[in-house]
Amino acid sequence: MTTASTTRPEVRVRRAVVRGVERPTPRVVRVTLAGPELADLPVVAPDGYLKLFFPRPGEMVPQVPTLDDGDVGSWFRRYLAMPDDVRPPMRTFTLRRRREDPVEIDVDFVLHDEGPARDWALRATPGEHLAFTGPYGLYAPREDHDAVVLAGDETAVPAIGAIVEGLPPGRRVTVLASVRDVTEQQVWATDGDVTAHWTAPERLAERLRDLDLPGERPYVWLAGEASEVKAMRRHVVRERGVDKRDVCFTGYWRRGRTEEQEVRAAMDGTADPAED
Ligand SMILES: Cc1cc2nc3c(=O)[nH]c(=O)nc-3n(C[C@H](O)[C@H](O)[C@H](O)COP(=O)(O)OP(=O)(O)OC[C@H]3O[C@@H](n4cnc5c(N)ncnc54)[C@H](O)[C@@H]3O)c2cc1C
């Protein structure tokens, strides 16, 4: 997936067990994970995300290479080189919320049409196991950013919620999020000064064009379908005059490609390049 910047990755593989499953909205499965290996999970940026590894059919626990040398690149090549009938599906999801006592984290899975993550979330029950690396984080406004814009599709709503719920008092933020219908809109508790706009999936980029960008120097965070994010980023940089260093953008998924196909394309250099 294309991205503007990243923090230094945490390279440990951890295991977690499903403690609960909820449906906060009709299209979202919220899975609560727990386990002793979550106790020292680092705190990174508020849009922190995890690389989740799912058990294959018939497995209790996914088989994942151990990290013996701390080099995430060589570990990842070993993961990709595992035989197809052993390698666990890996997909990326936001660490939606964490609680300390007891130690638990929530992950929100949007139920689109197909895919191992979507299928796993639909059948997840307490006691099942997962493995993951992370969290990694991207959201990092600077002191000279006097406002923030968060724009994305339904897969970005968990990250937007996590950012909004962690805002410092009075932080001026404009949210633009697309969801399938009004039942998918979420309400967030926040200390920030947040204005939220909801729109339909096909209207996200168009709605961004109409959006009043807040502040003198806003930090713009964009996430969602990769080509849509690219178009939105191009719009804010070229047509709205936002400095590209003030834009954090991430393709969260790509239409017609699984995350694994996307990762392999990035590894062999055939992925759609991020723009400068
Ligand atoms: C940093 C980051 C954070 C993310 N956080 C979240 C999160 O918190 N919650 C969340 O739900 N997703 C999140 N995503 C997106 C998620 O990783 C992808 O949607 C992923 O492809 C889902 O895996 P899958 O196994 O269900 O589908 P895959 O096997 O990867 O894809 C199967 C097919 O479905 C299509 N597809 C994938 N996602 C969608 C979608 N959302 N809508 C329509 N079609 C789709 C693909 O193009 C492909 O054709 C995040 C992605 C990134 C990079």
# chains A, B, ... in the order shown; residues from 1 in each chain; ligands from 1
call {"tool": "residues_near_ligand", "arguments": {"ligand": "ligand 1", "cutoff": "7 Å", "atoms": "only C-alpha atoms and all ligand atoms", "output": "VMD selection string"}}
result
chain A and resid 1 49 91 to 96 107 to 119 154 to 156 158 to 159 250 to 260
call {"tool": "write_last_selection", "arguments": {"atoms": "C-alpha atoms", "output": "PDB file, in the first residue's frame"}}
result
ATOM      1  CA  MET A   1       0.000   0.000   0.000  1.00  0.00           C
ATOM      2  CA  TYR A  49      -2.119  -0.457  12.810  1.00  0.00           C
ATOM      3  CA  ARG A  91      -3.926  -8.384   6.487  1.00  0.00           C
ATOM      4  CA  THR A  92      -3.581  -4.899   7.965  1.00  0.00           C
ATOM      5  CA  PHE A  93      -6.026  -3.480  10.513  1.00  0.00           C
ATOM      6  CA  THR A  94      -6.140  -0.462  12.792  1.00  0.00           C
ATOM      7  CA  LEU A  95      -5.696  -0.834  16.510  1.00  0.00           C
ATOM      8  CA  ARG A  96      -9.051   0.824  17.158  1.00  0.00           C
ATOM      9  CA  VAL A 107     -10.060  -4.199  15.975  1.00  0.00           C
ATOM     10  CA  ASP A 108     -12.941  -3.173  13.671  1.00  0.00           C
ATOM     11  CA  PHE A 109     -13.387  -5.277  10.518  1.00  0.00           C
ATOM     12  CA  VAL A 110     -15.512  -3.745   7.759  1.00  0.00           C
ATOM     13  CA  LEU A 111     -17.537  -6.482   6.070  1.00  0.00           C
ATOM     14  CA  HIS A 112     -16.914  -6.085   2.359  1.00  0.00           C
ATOM     15  CA  ASP A 113     -17.579  -8.913  -0.155  1.00  0.00           C
ATOM     16  CA  GLU A 114     -14.720 -11.429   0.181  1.00  0.00           C
ATOM     17  CA  GLY A 115     -11.323 -12.075   1.701  1.00  0.00           C
ATOM     18  CA  PRO A 116      -9.708 -14.091   4.516  1.00  0.00           C
ATOM     19  CA  ALA A 117      -9.849 -11.212   7.024  1.00  0.00           C
ATOM     20  CA  ARG A 118     -13.494 -10.544   6.326  1.00  0.00           C
ATOM     21  CA  ASP A 119     -14.294 -14.291   6.514  1.00  0.00           C
ATOM     22  CA  GLU A 154     -15.237   3.063   5.718  1.00  0.00           C
ATOM     23  CA  THR A 155     -11.927   1.213   6.247  1.00  0.00           C
ATOM     24  CA  ALA A 156     -10.450   4.488   7.545  1.00  0.00           C
ATOM     25  CA  PRO A 158     -11.576   2.979  12.766  1.00  0.00           C
ATOM     26  CA  ALA A 159      -8.381   5.055  12.444  1.00  0.00           C
ATOM     27  CA  THR A 250      -2.210   5.699   2.768  1.00  0.00           C
ATOM     28  CA  GLY A 251      -3.905   3.323   0.337  1.00  0.00           C
ATOM     29  CA  TYR A 252      -5.737   1.006   2.747  1.00  0.00           C
ATOM     30  CA  TRP A 253      -6.854  -1.390   0.000  1.00  0.00           C
ATOM     31  CA  ARG A 254      -6.854  -1.575  -3.791  1.00  0.00           C
ATOM     32  CA  ARG A 255      -9.901  -2.422  -5.854  1.00  0.00           C
ATOM     33  CA  GLY A 256      -9.513  -5.813  -7.596  1.00  0.00           C
ATOM     34  CA  ARG A 257      -6.400  -6.845  -5.633  1.00  0.00           C
ATOM     35  CA  THR A 258      -5.987  -8.708  -2.376  1.00  0.00           C
ATOM     36  CA  GLU A 259      -3.587  -7.236   0.143  1.00  0.00           C
ATOM     37  CA  GLU A 260      -1.192 -10.119  -0.554  1.00  0.00           C
TER      38      GLU A 260
END
call {"tool": "residues_around", "arguments": {"residues": "Met232 of chain A", "least_positions_apart": "4", "cutoff": "10 Å", "atoms": "only C-alpha atoms", "output": "list in words"}}
result
Ala151, Gly152, Leu204, Ala205, Glu206, Leu208, Arg209, Leu222, Ala223, Ala226, Ser227, Glu228, Val236, Val237, Arg238 and Phe249 of chain A
call {"tool": "select_by_dssp", "arguments": {"residues": "segment 162-276 of chain A", "states": "strand (DSSP E or B)", "output": "JSON, numbers by chain"}}
result
{"A": [172, 173, 174, 175, 176, 177, 178, 193, 194, 195, 196, 197, 198, 199, 218, 219, 220, 221, 222, 223, 224, 225, 247, 248, 249, 250, 251, 252, 253, 254, 257]}
call {"tool": "write_last_selection", "arguments": {"atoms": "N, CA and C atoms", "output": "mmCIF file, in the first residue's frame"}}
result
data_model
loop_
_atom_site.group_PDB
_atom_site.id
_atom_site.type_symbol
_atom_site.label_atom_id
_atom_site.label_comp_id
_atom_site.auth_asym_id
_atom_site.auth_seq_id
_atom_site.Cartn_x
_atom_site.Cartn_y
_atom_site.Cartn_z
ATOM 1 N N ARG A 172 -8.437 21.578 16.495
ATOM 2 C CA ARG A 172 -9.435 21.806 15.453
ATOM 3 C C ARG A 172 -9.295 20.752 14.359
ATOM 4 N N VAL A 173 -10.343 19.974 14.175
ATOM 5 C CA VAL A 173 -10.276 18.860 13.218
ATOM 6 C C VAL A 173 -11.542 18.820 12.371
ATOM 7 N N THR A 174 -11.365 18.672 11.070
ATOM 8 C CA THR A 174 -12.498 18.433 10.172
ATOM 9 C C THR A 174 -12.398 16.999 9.667
ATOM 10 N N VAL A 175 -13.477 16.244 9.845
ATOM 11 C CA VAL A 175 -13.531 14.851 9.391
ATOM 12 C C VAL A 175 -14.448 14.763 8.171
ATOM 13 N N LEU A 176 -13.994 14.037 7.154
ATOM 14 C CA LEU A 176 -14.868 13.688 6.027
ATOM 15 C C LEU A 176 -14.753 12.184 5.841
ATOM 16 N N ALA A 177 -15.842 11.465 6.077
ATOM 17 C CA ALA A 177 -15.787 10.000 5.993
ATOM 18 C C ALA A 177 -16.942 9.496 5.137
ATOM 19 N N SER A 178 -16.640 8.473 4.331
ATOM 20 C CA SER A 178 -17.720 7.883 3.539
ATOM 21 C C SER A 178 -18.102 6.530 4.128
ATOM 22 N N ASP A 193 -12.016 19.888 18.922
ATOM 23 C CA ASP A 193 -13.059 20.722 18.328
ATOM 24 C C ASP A 193 -13.326 20.122 16.939
ATOM 25 N N VAL A 194 -14.213 19.131 16.894
ATOM 26 C CA VAL A 194 -14.342 18.287 15.704
ATOM 27 C C VAL A 194 -15.629 18.594 14.929
ATOM 28 N N THR A 195 -15.487 18.796 13.632
ATOM 29 C CA THR A 195 -16.644 18.909 12.743
ATOM 30 C C THR A 195 -16.605 17.690 11.826
ATOM 31 N N ALA A 196 -17.673 16.878 11.879
ATOM 32 C CA ALA A 196 -17.679 15.641 11.073
ATOM 33 C C ALA A 196 -18.696 15.738 9.944
ATOM 34 N N HIS A 197 -18.268 15.340 8.752
ATOM 35 C CA HIS A 197 -19.155 15.266 7.583
ATOM 36 C C HIS A 197 -19.162 13.821 7.109
ATOM 37 N N TRP A 198 -20.341 13.283 6.861
ATOM 38 C CA TRP A 198 -20.454 11.913 6.352
ATOM 39 C C TRP A 198 -20.995 11.972 4.937
ATOM 40 N N THR A 199 -20.501 11.093 4.099
ATOM 41 C CA THR A 199 -20.977 11.090 2.722
ATOM 42 C C THR A 199 -21.053 9.652 2.209
ATOM 43 N N PRO A 218 -3.255 23.450 7.507
ATOM 44 C CA PRO A 218 -3.788 22.183 8.011
ATOM 45 C C PRO A 218 -2.877 21.002 7.692
ATOM 46 N N TYR A 219 -2.914 20.023 8.572
ATOM 47 C CA TYR A 219 -2.296 18.709 8.331
ATOM 48 C C TYR A 219 -3.403 17.844 7.749
ATOM 49 N N VAL A 220 -3.149 17.243 6.597
ATOM 50 C CA VAL A 220 -4.201 16.492 5.902
ATOM 51 C C VAL A 220 -3.844 15.010 5.915
ATOM 52 N N TRP A 221 -4.737 14.208 6.465
ATOM 53 C CA TRP A 221 -4.541 12.746 6.591
ATOM 54 C C TRP A 221 -5.592 12.084 5.704
ATOM 55 N N LEU A 222 -5.148 11.249 4.758
ATOM 56 C CA LEU A 222 -6.063 10.626 3.788
ATOM 57 C C LEU A 222 -5.860 9.113 3.804
ATOM 58 N N ALA A 223 -6.946 8.350 3.809
ATOM 59 C CA ALA A 223 -6.822 6.884 3.751
ATOM 60 C C ALA A 223 -8.074 6.297 3.095
ATOM 61 N N GLY A 224 -7.882 5.139 2.450
ATOM 62 C CA GLY A 224 -9.023 4.480 1.801
ATOM 63 C C GLY A 224 -8.535 3.705 0.591
ATOM 64 N N GLU A 225 -9.394 3.566 -0.404
ATOM 65 C CA GLU A 225 -9.025 2.816 -1.607
ATOM 66 C C GLU A 225 -7.863 3.546 -2.304
ATOM 67 N N VAL A 247 0.810 16.397 3.987
ATOM 68 C CA VAL A 247 -0.206 15.388 3.656
ATOM 69 C C VAL A 247 0.316 14.004 4.014
ATOM 70 N N CYS A 248 -0.432 13.301 4.835
ATOM 71 C CA CYS A 248 -0.138 11.899 5.181
ATOM 72 C C CYS A 248 -1.185 11.057 4.459
ATOM 73 N N PHE A 249 -0.771 10.201 3.551
ATOM 74 C CA PHE A 249 -1.759 9.468 2.747
ATOM 75 C C PHE A 249 -1.416 7.986 2.697
ATOM 76 N N THR A 250 -2.431 7.147 2.793
ATOM 77 C CA THR A 250 -2.210 5.699 2.768
ATOM 78 C C THR A 250 -3.322 5.016 1.982
ATOM 79 N N GLY A 251 -2.935 4.194 0.998
ATOM 80 C CA GLY A 251 -3.905 3.323 0.337
ATOM 81 C C GLY A 251 -4.186 2.157 1.277
ATOM 82 N N TYR A 252 -5.394 2.072 1.794
ATOM 83 C CA TYR A 252 -5.737 1.006 2.747
ATOM 84 C C TYR A 252 -6.109 -0.290 2.030
ATOM 85 N N TRP A 253 -6.546 -0.196 0.791
ATOM 86 C CA TRP A 253 -6.854 -1.390 0.000
ATOM 87 C C TRP A 253 -6.884 -0.946 -1.458
ATOM 88 N N ARG A 254 -6.809 -1.921 -2.365
ATOM 89 C CA ARG A 254 -6.854 -1.575 -3.791
ATOM 90 C C ARG A 254 -7.929 -2.409 -4.471
ATOM 91 N N ARG A 257 -7.609 -6.150 -6.077
ATOM 92 C CA ARG A 257 -6.400 -6.845 -5.633
ATOM 93 C C ARG A 257 -6.501 -7.174 -4.158
#
call {"tool": "residues_around", "arguments": {"residues": "segment 17-20 of chain A", "least_positions_apart": "3", "cutoff": "6 Å", "atoms": "only C-alpha atoms", "output": "list in words"}}
result
Val31, Thr32, Leu33, Ala34, Gly35, Pro126, Gly127, Glu128 and His129 of chain A
call {"tool": "closest_residue", "arguments": {"among": "A:Ala147, A:Ala81, A:Ala140, A:Leu38", "to": "Asp101 of chain A", "atoms": "only C-alpha atoms"}}
result
A:Leu38
call {"tool": "select_by_dssp", "arguments": {"residues": "segment 41-124 of chain A", "states": "alpha helix (DSSP H)", "output": "list of chain:residue names"}}
result
A:Val72, A:Gly73, A:Ser74, A:Trp75, A:Phe76, A:Arg77, A:Arg78, A:Tyr79, A:Leu80, A:Ala81, A:Pro116, A:Ala117, A:Arg118, A:Asp119, A:Trp120, A:Ala121, A:Leu122, A:Arg123
call {"tool": "write_last_selection", "arguments": {"atoms": "N, CA and C atoms", "output": "PDB file, in the first residue's frame"}}
result
ATOM      1  N   VAL A  72      13.135  -6.734   9.985  1.00  0.00           N
ATOM      2  CA  VAL A  72      11.776  -6.987   9.510  1.00  0.00           C
ATOM      3  C   VAL A  72      11.765  -7.348   8.021  1.00  0.00           C
ATOM      4  N   GLY A  73      12.719  -6.812   7.245  1.00  0.00           N
ATOM      5  CA  GLY A  73      12.756  -7.108   5.812  1.00  0.00           C
ATOM      6  C   GLY A  73      13.033  -8.575   5.536  1.00  0.00           C
ATOM      7  N   SER A  74      14.051  -9.122   6.214  1.00  0.00           N
ATOM      8  CA  SER A  74      14.382 -10.525   5.958  1.00  0.00           C
ATOM      9  C   SER A  74      13.299 -11.430   6.538  1.00  0.00           C
ATOM     10  N   TRP A  75      12.717 -11.017   7.663  1.00  0.00           N
ATOM     11  CA  TRP A  75      11.613 -11.801   8.218  1.00  0.00           C
ATOM     12  C   TRP A  75      10.449 -11.861   7.222  1.00  0.00           C
ATOM     13  N   PHE A  76      10.158 -10.708   6.608  1.00  0.00           N
ATOM     14  CA  PHE A  76       9.025 -10.650   5.698  1.00  0.00           C
ATOM     15  C   PHE A  76       9.264 -11.511   4.458  1.00  0.00           C
ATOM     16  N   ARG A  77      10.500 -11.532   3.982  1.00  0.00           N
ATOM     17  CA  ARG A  77      10.814 -12.405   2.836  1.00  0.00           C
ATOM     18  C   ARG A  77      10.635 -13.878   3.226  1.00  0.00           C
ATOM     19  N   ARG A  78      11.014 -14.202   4.466  1.00  0.00           N
ATOM     20  CA  ARG A  78      10.817 -15.595   4.915  1.00  0.00           C
ATOM     21  C   ARG A  78       9.327 -15.920   5.004  1.00  0.00           C
ATOM     22  N   TYR A  79       8.552 -14.961   5.459  1.00  0.00           N
ATOM     23  CA  TYR A  79       7.094 -15.155   5.531  1.00  0.00           C
ATOM     24  C   TYR A  79       6.533 -15.403   4.119  1.00  0.00           C
ATOM     25  N   LEU A  80       6.929 -14.560   3.148  1.00  0.00           N
ATOM     26  CA  LEU A  80       6.408 -14.717   1.786  1.00  0.00           C
ATOM     27  C   LEU A  80       6.885 -16.020   1.146  1.00  0.00           C
ATOM     28  N   ALA A  81       8.050 -16.525   1.571  1.00  0.00           N
ATOM     29  CA  ALA A  81       8.607 -17.758   0.992  1.00  0.00           C
ATOM     30  C   ALA A  81       7.987 -19.017   1.606  1.00  0.00           C
ATOM     31  N   PRO A 116      -9.921 -13.311   3.296  1.00  0.00           N
ATOM     32  CA  PRO A 116      -9.708 -14.091   4.516  1.00  0.00           C
ATOM     33  C   PRO A 116      -9.944 -13.299   5.800  1.00  0.00           C
ATOM     34  N   ALA A 117      -9.622 -12.000   5.800  1.00  0.00           N
ATOM     35  CA  ALA A 117      -9.849 -11.212   7.024  1.00  0.00           C
ATOM     36  C   ALA A 117     -11.339 -11.061   7.266  1.00  0.00           C
ATOM     37  N   ARG A 118     -12.033 -10.709   6.231  1.00  0.00           N
ATOM     38  CA  ARG A 118     -13.494 -10.544   6.326  1.00  0.00           C
ATOM     39  C   ARG A 118     -14.143 -11.866   6.766  1.00  0.00           C
ATOM     40  N   ASP A 119     -13.714 -12.987   6.171  1.00  0.00           N
ATOM     41  CA  ASP A 119     -14.294 -14.291   6.514  1.00  0.00           C
ATOM     42  C   ASP A 119     -13.983 -14.659   7.964  1.00  0.00           C
ATOM     43  N   TRP A 120     -12.734 -14.386   8.390  1.00  0.00           N
ATOM     44  CA  TRP A 120     -12.353 -14.717   9.768  1.00  0.00           C
ATOM     45  C   TRP A 120     -13.199 -13.902  10.753  1.00  0.00           C
ATOM     46  N   ALA A 121     -13.364 -12.611  10.473  1.00  0.00           N
ATOM     47  CA  ALA A 121     -14.122 -11.756  11.399  1.00  0.00           C
ATOM     48  C   ALA A 121     -15.561 -12.243  11.533  1.00  0.00           C
ATOM     49  N   LEU A 122     -16.130 -12.702  10.422  1.00  0.00           N
ATOM     50  CA  LEU A 122     -17.524 -13.145  10.465  1.00  0.00           C
ATOM     51  C   LEU A 122     -17.712 -14.395  11.318  1.00  0.00           C
ATOM     52  N   ARG A 123     -16.666 -15.239  11.402  1.00  0.00           N
ATOM     53  CA  ARG A 123     -16.846 -16.465  12.170  1.00  0.00           C
ATOM     54  C   ARG A 123     -16.089 -16.427  13.496  1.00  0.00           C
TER      55      ARG A 123
END
call {"tool": "closest_residue", "arguments": {"among": "A:Thr133, A:Gln63, A:Thr183, A:Thr25", "to": "Val86 of chain A", "atoms": "only C-alpha atoms"}}
result
A:Gln63
